[in-house]
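S.K.: Structure file my_file39.tsv, TSV, C-alpha atoms, is pasted below:
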```tsv
chain	number	residue	atom	x	y	z
A	1	MET	CA	17.20	122.29	126.62
A	2	LYS	CA	18.69	120.14	129.36
A	3	LYS	CA	22.13	120.61	127.85
A	4	LEU	CA	21.69	124.33	127.85
A	5	ILE	CA	20.63	124.32	131.46
A	6	ALA	CA	23.64	122.15	132.33
A	7	LEU	CA	25.90	124.59	130.51
A	8	LEU	CA	24.32	127.46	132.41
A	9	ILE	CA	24.96	125.71	135.71
A	10	ALA	CA	28.55	124.93	134.68
A	11	VAL	CA	29.19	128.57	133.91
A	12	LEU	CA	27.72	129.62	137.23
A	13	LEU	CA	29.94	127.12	139.03
A	14	LEU	CA	32.99	128.31	137.10
A	15	THR	CA	32.33	131.83	138.25
A	16	GLY	CA	32.50	130.62	141.81
A	17	CYS	CA	35.66	128.53	141.29
A	18	VAL	CA	37.83	131.25	139.80
A	19	GLN	CA	39.69	132.85	142.69
A	20	PRO	CA	41.86	135.52	141.24
A	21	SER	CA	44.20	137.51	143.42
A	22	ILE	CA	42.96	140.84	144.60
A	23	VAL	CA	44.12	143.19	141.92
A	24	PRO	CA	46.83	145.46	143.25
A	25	GLY	CA	45.96	149.05	142.63
A	26	LYS	CA	48.18	152.06	142.16
A	27	VAL	CA	49.69	153.15	145.46
A	28	GLU	CA	48.75	156.67	146.39
A	29	ALA	CA	51.16	158.24	148.83
A	30	PRO	CA	50.54	161.40	150.82
A	31	PRO	CA	52.08	164.41	149.04
A	32	GLU	CA	54.45	165.06	151.92
A	33	LEU	CA	56.27	161.82	151.01
A	34	TYR	CA	57.26	163.16	147.62
A	35	ASP	CA	60.85	163.70	148.72
A	36	LYS	CA	61.11	160.51	150.79
A	37	ILE	CA	62.17	157.09	149.65
A	38	TRP	CA	59.33	154.68	150.35
A	39	ILE	CA	58.01	151.28	149.43
A	40	SER	CA	54.66	149.57	149.47
A	41	PRO	CA	53.08	147.26	150.49
A	42	GLY	CA	54.12	146.67	154.06
A	43	LYS	CA	52.94	143.08	154.13
A	44	VAL	CA	51.98	140.49	151.52
A	45	MET	CA	49.85	137.62	152.76
A	46	VAL	CA	49.96	134.41	150.71
A	47	GLY	CA	47.38	131.79	151.55
A	48	ASN	CA	46.72	128.20	150.51
A	49	PHE	CA	50.23	127.91	149.11
A	50	TYR	CA	51.77	124.59	148.12
A	51	PRO	CA	54.81	123.12	146.36
A	52	GLY	CA	54.47	123.82	142.66
A	53	ALA	CA	52.45	126.98	143.22
A	54	ARG	CA	53.23	130.58	142.39
A	55	ALA	CA	52.26	133.78	144.13
A	56	GLU	CA	53.11	137.28	142.99
A	57	TRP	CA	52.57	140.88	143.98
A	58	PRO	CA	54.10	144.11	142.70
A	59	LEU	CA	56.46	146.04	144.92
A	60	THR	CA	56.14	149.81	144.57
A	61	ILE	CA	59.26	151.88	145.07
A	62	HIS	CA	59.42	155.66	145.18
A	63	ASN	CA	62.69	157.50	144.74
A	64	GLY	CA	62.53	160.55	146.96
A	65	ASN	CA	65.84	161.84	145.66
A	66	ALA	CA	65.90	164.54	142.99
A	67	GLU	CA	68.57	162.65	141.05
A	68	PRO	CA	68.45	159.19	139.45
A	69	THR	CA	69.08	156.57	142.09
A	70	GLN	CA	69.95	152.91	141.93
A	71	PHE	CA	68.25	150.55	144.30
A	72	GLU	CA	68.93	146.97	145.27
A	73	ILE	CA	66.00	144.63	145.84
A	74	MET	CA	66.80	141.43	147.64
A	75	PHE	CA	65.46	138.45	149.52
A	76	LYS	CA	66.13	138.69	153.21
A	77	GLN	CA	65.60	136.32	156.07
A	78	PRO	CA	63.59	138.10	158.73
A	79	GLY	CA	64.93	139.05	162.10
A	80	THR	CA	61.65	138.85	163.94
A	81	VAL	CA	58.58	137.03	162.68
A	82	ASP	CA	54.87	137.21	163.40
A	83	GLU	CA	53.51	134.85	166.05
A	84	GLY	CA	52.97	131.43	164.57
A	85	TYR	CA	55.40	132.00	161.72
A	86	VAL	CA	58.95	130.76	161.31
A	87	LYS	CA	61.83	132.34	159.50
A	88	ALA	CA	62.10	131.18	155.89
A	89	PRO	CA	65.06	128.88	155.25
A	90	ILE	CA	67.83	130.37	153.14
A	91	ILE	CA	66.91	128.03	150.29
A	92	ALA	CA	63.67	129.99	149.91
A	93	GLN	CA	65.83	132.66	148.32
A	94	ASP	CA	65.98	130.43	145.23
A	95	TRP	CA	62.19	130.42	145.03
A	96	VAL	CA	61.89	134.20	144.85
A	97	ILE	CA	61.87	135.98	141.50
A	98	ILE	CA	62.56	139.69	141.47
A	99	ALA	CA	61.74	141.13	138.06
A	100	ASP	CA	64.40	143.84	138.36
A	101	PRO	CA	66.76	143.42	141.32
A	102	ALA	CA	68.79	146.56	140.56
A	103	PRO	CA	66.45	149.21	139.20
A	104	ILE	CA	67.56	152.76	138.54
A	105	LEU	CA	64.73	155.20	139.22
A	106	GLU	CA	64.66	158.73	137.91
A	107	GLY	CA	64.33	161.56	140.40
A	108	PHE	CA	60.98	161.35	142.22
A	109	GLU	CA	59.93	158.38	140.09
A	110	THR	CA	57.53	155.75	141.40
A	111	ARG	CA	57.85	152.31	139.89
A	112	GLU	CA	56.44	148.83	140.32
A	113	VAL	CA	58.70	145.79	140.36
A	114	LEU	CA	57.02	142.41	140.26
A	115	ILE	CA	57.94	139.99	143.02
A	116	ALA	CA	56.99	136.33	142.73
A	117	ILE	CA	57.57	133.26	144.79
A	118	VAL	CA	57.55	129.98	142.91
A	119	MET	CA	57.93	126.95	145.11
A	120	PRO	CA	59.32	123.89	143.30
A	121	GLU	CA	57.04	120.90	143.21
A	122	ASP	CA	59.60	118.76	145.03
A	123	ALA	CA	60.39	121.35	147.65
A	124	GLU	CA	59.74	120.64	151.27
A	125	SER	CA	57.49	123.08	153.03
A	126	PRO	CA	59.48	125.04	155.64
A	127	ALA	CA	56.54	125.10	158.03
A	128	PRO	CA	52.77	125.61	157.96
A	129	LYS	CA	53.47	129.33	158.22
A	130	TRP	CA	56.70	131.02	157.29
A	131	GLU	CA	57.95	134.51	156.58
A	132	PHE	CA	60.55	136.18	154.42
A	133	TRP	CA	61.30	139.77	153.57
A	134	ILE	CA	61.91	141.63	150.35
A	135	ALA	CA	64.29	144.45	151.20
A	136	VAL	CA	64.94	147.60	149.20
A	137	LYS	CA	68.03	149.71	149.66
A	138	ASP	CA	69.29	152.87	148.02
A	139	VAL	CA	72.80	151.77	147.06
A	140	THR	CA	73.98	155.33	146.56
A	141	GLN	CA	74.02	155.92	150.31
A	142	THR	CA	77.54	156.79	151.43
A	143	GLY	CA	77.27	157.31	155.16
A	144	MET	CA	78.14	154.85	157.88
A	145	VAL	CA	74.51	154.57	158.94
A	146	GLN	CA	72.19	153.59	156.12
A	147	THR	CA	68.51	152.76	155.85
A	148	GLU	CA	66.69	149.90	154.22
A	149	LEU	CA	62.98	149.20	153.81
A	150	ALA	CA	61.41	145.76	153.65
A	151	THR	CA	58.08	144.19	152.76
A	152	ARG	CA	57.12	141.22	154.86
A	153	TRP	CA	55.83	138.16	152.99
A	154	LEU	CA	53.73	135.95	155.22
A	155	VAL	CA	53.11	132.55	153.65
A	156	THR	CA	50.49	130.08	154.86
A	157	MET	CA	50.69	126.61	153.36
A	158	ARG	CA	47.71	124.60	152.26
A	159	ASP	CA	46.57	122.04	154.79
B	1	MET	CA	13.27	130.01	125.62
B	2	ARG	CA	16.40	128.53	124.16
B	3	LYS	CA	17.47	131.87	122.78
B	4	ILE	CA	17.00	133.46	126.18
B	5	ILE	CA	19.15	130.84	127.88
B	6	VAL	CA	21.86	131.13	125.27
B	7	ALA	CA	21.85	134.90	125.75
B	8	ILE	CA	22.14	134.49	129.50
B	9	VAL	CA	25.02	132.03	129.14
B	10	LEU	CA	26.88	134.31	126.79
B	11	ALA	CA	26.33	137.24	129.10
B	12	LEU	CA	27.68	135.27	132.04
B	13	VAL	CA	30.74	134.20	130.08
B	14	LEU	CA	31.38	137.81	129.20
B	15	VAL	CA	31.03	138.89	132.83
B	16	VAL	CA	33.40	136.19	134.03
B	17	SER	CA	35.98	137.11	131.42
B	18	VAL	CA	35.92	140.76	132.43
B	19	ALA	CA	35.95	139.99	136.15
B	20	VAL	CA	39.13	137.89	136.06
B	21	PRO	CA	41.98	140.36	136.43
B	22	VAL	CA	44.97	140.38	134.15
B	23	VAL	CA	47.32	139.92	137.12
B	24	ALA	CA	46.55	136.22	137.31
B	25	ASP	CA	49.93	134.51	137.20
B	26	THR	CA	49.34	133.58	140.79
B	27	THR	CA	48.31	129.94	140.83
B	28	ALA	CA	44.62	129.32	141.07
B	29	GLU	CA	43.51	128.48	144.60
B	30	VAL	CA	46.39	130.52	146.06
B	31	THR	CA	45.27	133.76	147.63
B	32	VAL	CA	47.42	136.86	147.77
B	33	THR	CA	46.52	140.07	149.54
B	34	ALA	CA	48.57	142.99	150.76
B	35	THR	CA	48.38	145.90	153.13
B	36	PRO	CA	48.48	149.30	151.42
B	37	ALA	CA	51.05	150.54	153.91
B	38	ILE	CA	53.86	152.87	152.96
B	39	ILE	CA	57.17	152.12	154.63
B	40	SER	CA	59.64	154.98	154.94
B	41	ILE	CA	62.26	155.94	157.49
B	42	SER	CA	65.10	158.43	157.65
B	43	ASN	CA	68.08	158.68	159.97
B	44	LEU	CA	70.42	161.57	160.75
B	45	PRO	CA	73.25	162.14	160.88
B	46	ILE	CA	74.55	159.53	158.49
B	47	ASP	CA	78.07	159.34	159.86
B	48	TRP	CA	79.99	158.77	163.04
B	49	THR	CA	83.74	159.25	163.16
B	50	MET	CA	84.86	157.45	166.25
B	51	ASN	CA	86.99	159.53	168.62
B	52	ASP	CA	86.82	162.41	166.16
B	53	SER	CA	89.17	165.30	166.96
B	54	GLY	CA	86.75	167.68	165.28
B	55	ALA	CA	83.80	166.71	167.44
B	56	THR	CA	82.10	168.94	169.97
B	57	ALA	CA	83.84	166.94	172.70
B	58	PRO	CA	86.91	166.03	170.67
B	59	GLY	CA	88.97	162.90	170.85
B	60	ASP	CA	92.36	162.41	169.28
B	61	ASP	CA	91.25	160.48	166.16
B	62	ALA	CA	93.11	157.39	167.27
B	63	ILE	CA	91.18	154.14	167.66
B	64	ARG	CA	92.81	151.97	170.28
B	65	HIS	CA	92.52	148.30	171.00
B	66	ALA	CA	90.55	147.05	174.00
B	67	THR	CA	88.60	150.29	174.17
B	68	THR	CA	84.88	150.97	174.01
B	69	TYR	CA	83.65	153.96	172.05
B	70	TYR	CA	80.17	155.43	172.23
B	71	SER	CA	78.45	157.70	169.73
B	72	ASN	CA	77.99	160.16	172.56
B	73	ASP	CA	78.54	163.73	171.45
B	74	ALA	CA	79.57	164.57	175.02
B	75	GLY	CA	82.62	162.38	174.49
B	76	ASN	CA	83.11	159.09	172.68
B	77	LEU	CA	84.64	157.50	175.76
B	78	ILE	CA	81.67	158.40	177.95
B	79	PRO	CA	79.07	155.64	178.25
B	80	PRO	CA	75.40	156.57	178.26
B	81	THR	CA	73.43	156.58	181.49
B	82	GLY	CA	72.90	152.96	182.42
B	83	GLY	CA	69.61	153.40	184.21
B	84	GLY	CA	68.01	155.25	181.36
B	85	VAL	CA	69.79	156.62	178.32
B	86	LEU	CA	69.40	160.35	177.81
B	87	ASP	CA	68.60	162.05	174.52
B	88	ALA	CA	71.79	164.07	174.76
B	89	GLU	CA	73.85	160.87	174.82
B	90	CYS	CA	72.41	159.69	171.52
B	91	ARG	CA	73.97	160.88	168.33
B	92	PHE	CA	71.35	159.57	165.92
B	93	THR	CA	67.69	160.35	165.34
B	94	VAL	CA	65.56	157.94	163.34
B	95	THR	CA	62.20	159.09	162.01
B	96	ASN	CA	59.23	157.09	160.78
B	97	ASP	CA	58.04	158.95	157.69
B	98	GLY	CA	55.60	156.26	156.56
B	99	THR	CA	51.94	155.53	157.13
B	100	VAL	CA	52.19	152.62	159.58
B	101	ASN	CA	54.07	151.76	162.75
B	102	VAL	CA	57.41	150.11	162.04
B	103	ASP	CA	59.89	147.85	163.72
B	104	ILE	CA	63.54	148.59	163.11
B	105	ALA	CA	66.32	146.02	163.21
B	106	ILE	CA	69.96	147.03	163.01
B	107	ALA	CA	72.89	145.27	161.38
B	108	PHE	CA	76.55	146.17	161.92
B	109	ALA	CA	78.89	144.91	159.21
B	110	ASP	CA	82.54	144.01	159.65
B	111	PHE	CA	85.04	146.85	159.55
B	112	THR	CA	87.01	146.90	156.30
B	113	LEU	CA	90.15	148.69	155.16
B	114	GLY	CA	92.97	149.43	157.51
B	115	HIS	CA	93.36	146.77	160.15
B	116	ALA	CA	90.00	145.22	159.36
B	117	MET	CA	88.00	143.83	162.29
B	118	ALA	CA	85.21	141.29	162.13
B	119	ASN	CA	82.07	141.66	164.18
B	120	SER	CA	81.98	139.10	166.98
B	121	ASP	CA	78.16	139.13	166.77
B	122	THR	CA	78.04	138.91	170.54
B	123	GLY	CA	78.28	142.54	171.51
B	124	SER	CA	81.59	141.86	173.23
B	125	ALA	CA	85.12	142.12	171.91
B	126	THR	CA	87.46	139.17	171.45
B	127	ALA	CA	91.13	139.04	170.65
B	128	THR	CA	90.48	139.65	166.96
B	129	ALA	CA	86.89	140.84	166.71
B	130	PHE	CA	84.94	143.84	167.87
B	131	GLY	CA	81.62	143.90	169.67
B	132	ALA	CA	78.84	146.31	168.76
B	133	ARG	CA	75.69	147.33	170.56
B	134	ALA	CA	72.95	149.86	170.11
B	135	TYR	CA	71.44	151.94	172.85
B	136	VAL	CA	68.15	153.74	172.71
B	137	SER	CA	67.01	156.85	174.55
B	138	GLY	CA	65.00	155.93	177.62
B	139	ASP	CA	66.22	152.34	177.68
B	140	THR	CA	68.70	150.82	180.09
B	141	THR	CA	72.11	149.59	179.07
B	142	PRO	CA	73.72	147.44	177.88
B	143	GLY	CA	71.77	147.61	174.72
B	144	PRO	CA	71.27	144.68	172.34
B	145	ALA	CA	74.22	143.21	170.49
B	146	LEU	CA	74.39	144.09	166.82
B	147	THR	CA	75.26	141.35	164.38
B	148	VAL	CA	76.40	141.31	160.78
B	149	ALA	CA	73.18	139.66	159.65
B	150	GLY	CA	70.99	142.00	161.64
B	151	THR	CA	69.43	141.74	165.02
B	152	ALA	CA	66.88	139.05	165.74
B	153	ASP	CA	65.13	141.38	168.13
B	154	VAL	CA	63.46	144.63	167.29
B	155	ILE	CA	65.69	147.45	168.40
B	156	ILE	CA	63.31	150.33	167.89
B	157	ASN	CA	59.55	150.42	167.45
B	158	LEU	CA	58.30	153.64	165.94
B	159	PRO	CA	54.74	154.85	165.56
B	160	HIS	CA	53.83	156.81	162.44
B	161	THR	CA	51.85	159.51	164.18
B	162	ALA	CA	52.97	161.59	167.15
B	163	SER	CA	56.36	160.70	168.63
B	164	ASN	CA	57.55	159.23	165.34
B	165	THR	CA	61.21	159.87	166.13
B	166	LYS	CA	63.67	158.13	168.40
B	167	LYS	CA	67.19	158.99	169.46
B	168	TRP	CA	69.70	156.20	169.62
B	169	GLY	CA	73.41	155.51	169.66
B	170	LEU	CA	76.13	153.00	168.89
B	171	GLU	CA	78.69	151.36	171.12
B	172	VAL	CA	81.81	149.70	169.69
B	173	ALA	CA	84.23	147.65	171.80
B	174	THR	CA	87.42	147.20	169.79
B	175	ARG	CA	89.35	143.95	169.67
B	176	THR	CA	91.62	143.23	172.58
B	177	ASP	CA	94.72	142.38	170.51
B	178	ALA	CA	96.79	145.42	169.62
B	179	PHE	CA	96.73	146.73	166.06
B	180	THR	CA	98.38	149.52	164.15
B	181	ASP	CA	97.34	150.92	160.80
B	182	PRO	CA	97.18	154.48	159.50
B	183	THR	CA	94.34	153.66	157.13
B	184	THR	CA	90.86	154.46	158.39
B	185	MET	CA	88.61	151.48	158.92
B	186	GLN	CA	85.04	151.65	157.74
B	187	ALA	CA	81.88	149.78	158.54
B	188	THR	CA	78.25	150.08	157.51
B	189	VAL	CA	75.35	150.05	159.93
B	190	THR	CA	71.99	149.29	158.32
B	191	LEU	CA	68.60	150.08	159.79
B	192	THR	CA	65.87	147.89	158.30
B	193	ALA	CA	62.27	148.97	158.75
B	194	THR	CA	59.25	146.69	158.43
B	195	GLU	CA	55.58	147.08	159.12
B	196	VAL	CA	54.60	145.97	162.60
```
Show this structure as structure tokens.
M.R.:
Amino acid sequence: MKKLIALLIAVLLLTGCVQPSIVPGKVEAPPELYDKIWISPGKVMVGNFYPGARAEWPLTIHNGNAEPTQFEIMFKQPGTVDEGYVKAPIIAQDWVIIADPAPILEGFETREVLIAIVMPEDAESPAPKWEFWIAVKDVTQTGMVQTELATRWLVTMRD
Amino acid sequence: MRKIIVAIVLALVLVVSVAVPVVADTTAEVTVTATPAIISISNLPIDWTMNDSGATAPGDDAIRHATTYYSNDAGNLIPPTGGGVLDAECRFTVTNDGTVNVDIAIAFADFTLGHAMANSDTGSATATAFGARAYVSGDTTPGPALTVAGTADVIINLPHTASNTKKWGLEVATRTDAFTDPTTMQATVTLTATEV
């Protein structure tokens, strides 16, 4: 009986200890964006991060062109950063995994591409808070002036 | 009593198993959340032919050294109004098509082909490099210098509701050393939008 009660308590404690990520849901865009290239999310907030840890979130890309379009997904050092954050060092590029860095989307297709950051155990933390971008660009653009969209990753290290 | 407790334990285990999402490659104890924002911008027109002879206020197609060109449809040698740039002096219109306010940074790559010129990254020309700046309607000049890597400062902030467009232009100061090449030089200017 005591063992069963102990097991019950252990299960209850386990329920409290499991801290899964918030499950990303399917991105629903307004219908008027059907013929626009867009990405989501705008910001990914990573908390309690530490060397040896991994954080991931899917990037959603929508091809607003009627024809198949190739995109490039890349790590980017930010120009401006949020208050309290510093720009990620260039070495952070090696910590970022982009599941498909050059996807070809069919006309009006919406697709998720998993983005993960895996910090090596022996890596030095850039700062208590640091930021990098994941940029998406339609590489079929031919004009002089081109557009690019980026998700901001805001990383807070564990104390 | 024992059977009841066992049943409760099994039920809890089942609940926990279902509650843990499949997307769990994120390390335990690390939290990840995201804003459901949609980022989307568009910019028109996509091209600028400097000193274009076919323009509304035509030039002679030649790009000369030690000369500053502006993407001003009234004339590429006419600078925008210093005390407050006018819409009419801005060739480009950028639109925020997304669901959140965005900041836009601008990068100006080196010119390639022809007598290629590198970007000085300072906004000013040198003997062998050009300087590039942006100017924005309503702002004073000179505008911010445009670098190859992209500006550190936000050039344009665009809301996603009313007034979600902004007119802007480019300024290019060519290198001061003379050059001659019949091949057209090209460069790419990239607008990068992020959620505010």
S.K.: Would you list the residues near (49.0, 151.1, 151.7) (no more than 10 Å away, in the coordinates of the file, using all atoms listed in the file) as a PyMOL selection string?
M.R.: (chain A and resi 25-29+39-43) or (chain B and resi 34-39+98-100)
S.K.: By how many Å are CA of Ala123 (chain A) and CA of Tyr85 (chain A) apart?
M.R.: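 Going from CA of Ala123 (chain A) over to CA of Tyr85 (chain A) covers 18.3 Å.
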S.K.: Under the rule that all atoms listed in the file are counted, which of B:Asp153, B:Asp139, B:Glu171, B:Asp177 is the nearest residue to chain A?
M.R.: B:Asp153
S.K.: Find the residues of chain A in contact range of chain B, meaning any atom within 6 Å when counting all atoms listed in the file, and list them as a PDB file with C-alpha atoms, keeping the file's coordinate frame.
M.R.:
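What ended up in out.pdb:
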```
ATOM      1  CA  LEU A   8      24.320 127.460 132.410  1.00  0.00           C
ATOM      2  CA  SER A  21      44.200 137.510 143.420  1.00  0.00           C
ATOM      3  CA  TRP A  38      59.330 154.680 150.350  1.00  0.00           C
ATOM      4  CA  ILE A  39      58.010 151.280 149.430  1.00  0.00           C
ATOM      5  CA  SER A  40      54.660 149.570 149.470  1.00  0.00           C
ATOM      6  CA  PRO A  41      53.080 147.260 150.490  1.00  0.00           C
ATOM      7  CA  GLY A  42      54.120 146.670 154.060  1.00  0.00           C
ATOM      8  CA  LYS A  43      52.940 143.080 154.130  1.00  0.00           C
ATOM      9  CA  VAL A  44      51.980 140.490 151.520  1.00  0.00           C
ATOM     10  CA  MET A  45      49.850 137.620 152.760  1.00  0.00           C
ATOM     11  CA  VAL A  46      49.960 134.410 150.710  1.00  0.00           C
ATOM     12  CA  GLY A  47      47.380 131.790 151.550  1.00  0.00           C
ATOM     13  CA  ASN A  48      46.720 128.200 150.510  1.00  0.00           C
ATOM     14  CA  PHE A  49      50.230 127.910 149.110  1.00  0.00           C
ATOM     15  CA  ALA A  53      52.450 126.980 143.220  1.00  0.00           C
ATOM     16  CA  ARG A  54      53.230 130.580 142.390  1.00  0.00           C
ATOM     17  CA  ALA A  55      52.260 133.780 144.130  1.00  0.00           C
ATOM     18  CA  GLU A  56      53.110 137.280 142.990  1.00  0.00           C
ATOM     19  CA  GLY A  79      64.930 139.050 162.100  1.00  0.00           C
ATOM     20  CA  THR A  80      61.650 138.850 163.940  1.00  0.00           C
ATOM     21  CA  GLY A 143      77.270 157.310 155.160  1.00  0.00           C
ATOM     22  CA  MET A 144      78.140 154.850 157.880  1.00  0.00           C
ATOM     23  CA  VAL A 145      74.510 154.570 158.940  1.00  0.00           C
ATOM     24  CA  GLN A 146      72.190 153.590 156.120  1.00  0.00           C
ATOM     25  CA  THR A 147      68.510 152.760 155.850  1.00  0.00           C
ATOM     26  CA  GLU A 148      66.690 149.900 154.220  1.00  0.00           C
ATOM     27  CA  LEU A 149      62.980 149.200 153.810  1.00  0.00           C
ATOM     28  CA  ALA A 150      61.410 145.760 153.650  1.00  0.00           C
TER      29      ALA A 150
END
```
S.K.: For Ala178 (chain B), please output as a ChimeraX atom specification all residues within 8 Å (counting all atoms listed in the file; exclusion window: fewer than 5 positions along the same chain).
M.R.: /B:64-66
S.K.: Rounded to one decimal in Å, what is the spacing between CA of Ile156 (chain B) and CA of Val136 (chain B)?
M.R.: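 Distance reported for this atom pair: 7.6 Å.
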S.K.: Rounded to one decimal place, report the CA of Met119 (chain A)-CA of Asp94 (chain A) distance in Å.
M.R.: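 Atom-to-atom, CA of Met119 (chain A) and CA of Asp94 (chain A) are spaced 8.8 Å apart.
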S.K.: Which neighbours of region 57-62 of chain B fall inside 9 Å, counting only C-alpha atoms, when residues of the same chain fewer than 3 positions from it are skipped, and could you give them as a list in words?
M.R.: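 Non-adjacent residues within range: Thr49, Met50, Asn51, Asp52, Ser53, Gly54, Asn72, Asp73, Ala74, Gly75, Asn76 and Leu77 of chain B.
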S.K.: How about saving the chosen residues, C-alpha atoms kept, as a PDB file, in the coordinates of the input?
M.R.:
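Below is the file that was written, result.pdb:
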```pdb
ATOM      1  CA  THR B  49      83.740 159.250 163.160  1.00  0.00           C
ATOM      2  CA  MET B  50      84.860 157.450 166.250  1.00  0.00           C
ATOM      3  CA  ASN B  51      86.990 159.530 168.620  1.00  0.00           C
ATOM      4  CA  ASP B  52      86.820 162.410 166.160  1.00  0.00           C
ATOM      5  CA  SER B  53      89.170 165.300 166.960  1.00  0.00           C
ATOM      6  CA  GLY B  54      86.750 167.680 165.280  1.00  0.00           C
ATOM      7  CA  ASN B  72      77.990 160.160 172.560  1.00  0.00           C
ATOM      8  CA  ASP B  73      78.540 163.730 171.450  1.00  0.00           C
ATOM      9  CA  ALA B  74      79.570 164.570 175.020  1.00  0.00           C
ATOM     10  CA  GLY B  75      82.620 162.380 174.490  1.00  0.00           C
ATOM     11  CA  ASN B  76      83.110 159.090 172.680  1.00  0.00           C
ATOM     12  CA  LEU B  77      84.640 157.500 175.760  1.00  0.00           C
TER      13      LEU B  77
END
```
S.K.: Could you list, as a list of chain:residue names, every residue within 12 Å of Glu121 (chain A), counting all atoms listed in the file and ignoring same-chain residues fewer than 3 positions away?
M.R.: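 Contacts, with the query itself left out: A:Phe49, A:Tyr50, A:Pro51, A:Gly52, A:Ala53, A:Arg54, A:Trp95, A:Val118, A:Glu124, A:Ser125.
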S.K.: Which residue, A:Phe75, A:Trp57, A:Tyr34, A:Trp130, has the smallest gap to Glu112 (chain A) when you use only C-alpha atoms?
M.R.: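 Smallest separation from Glu112 (chain A) among the options: A:Trp57.
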S.K.: Here is a test: counting all atoms listed in the file, which residue of A:Val81, A:Ala88, A:Leu59, A:Leu33 is nearest to Ile115 (chain A)?
M.R.: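 When distances to Ile115 (chain A) are compared using all atoms listed in the file, the smallest one comes from A:Leu59.
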S.K.: Report as a PDB file with C-alpha atoms, in the coordinates of the input all protein, DNA and RNA residues lying within 7 Å of Asp35 (chain A), evaluated on all atoms listed in the file, omitting residues in the same chain fewer than 6 positions from it.
M.R.:
```
ATOM      1  CA  GLY A  64      62.530 160.550 146.960  1.00  0.00           C
ATOM      2  CA  ASN A  65      65.840 161.840 145.660  1.00  0.00           C
ATOM      3  CA  PHE A 108      60.980 161.350 142.220  1.00  0.00           C
TER       4      PHE A 108
END
```
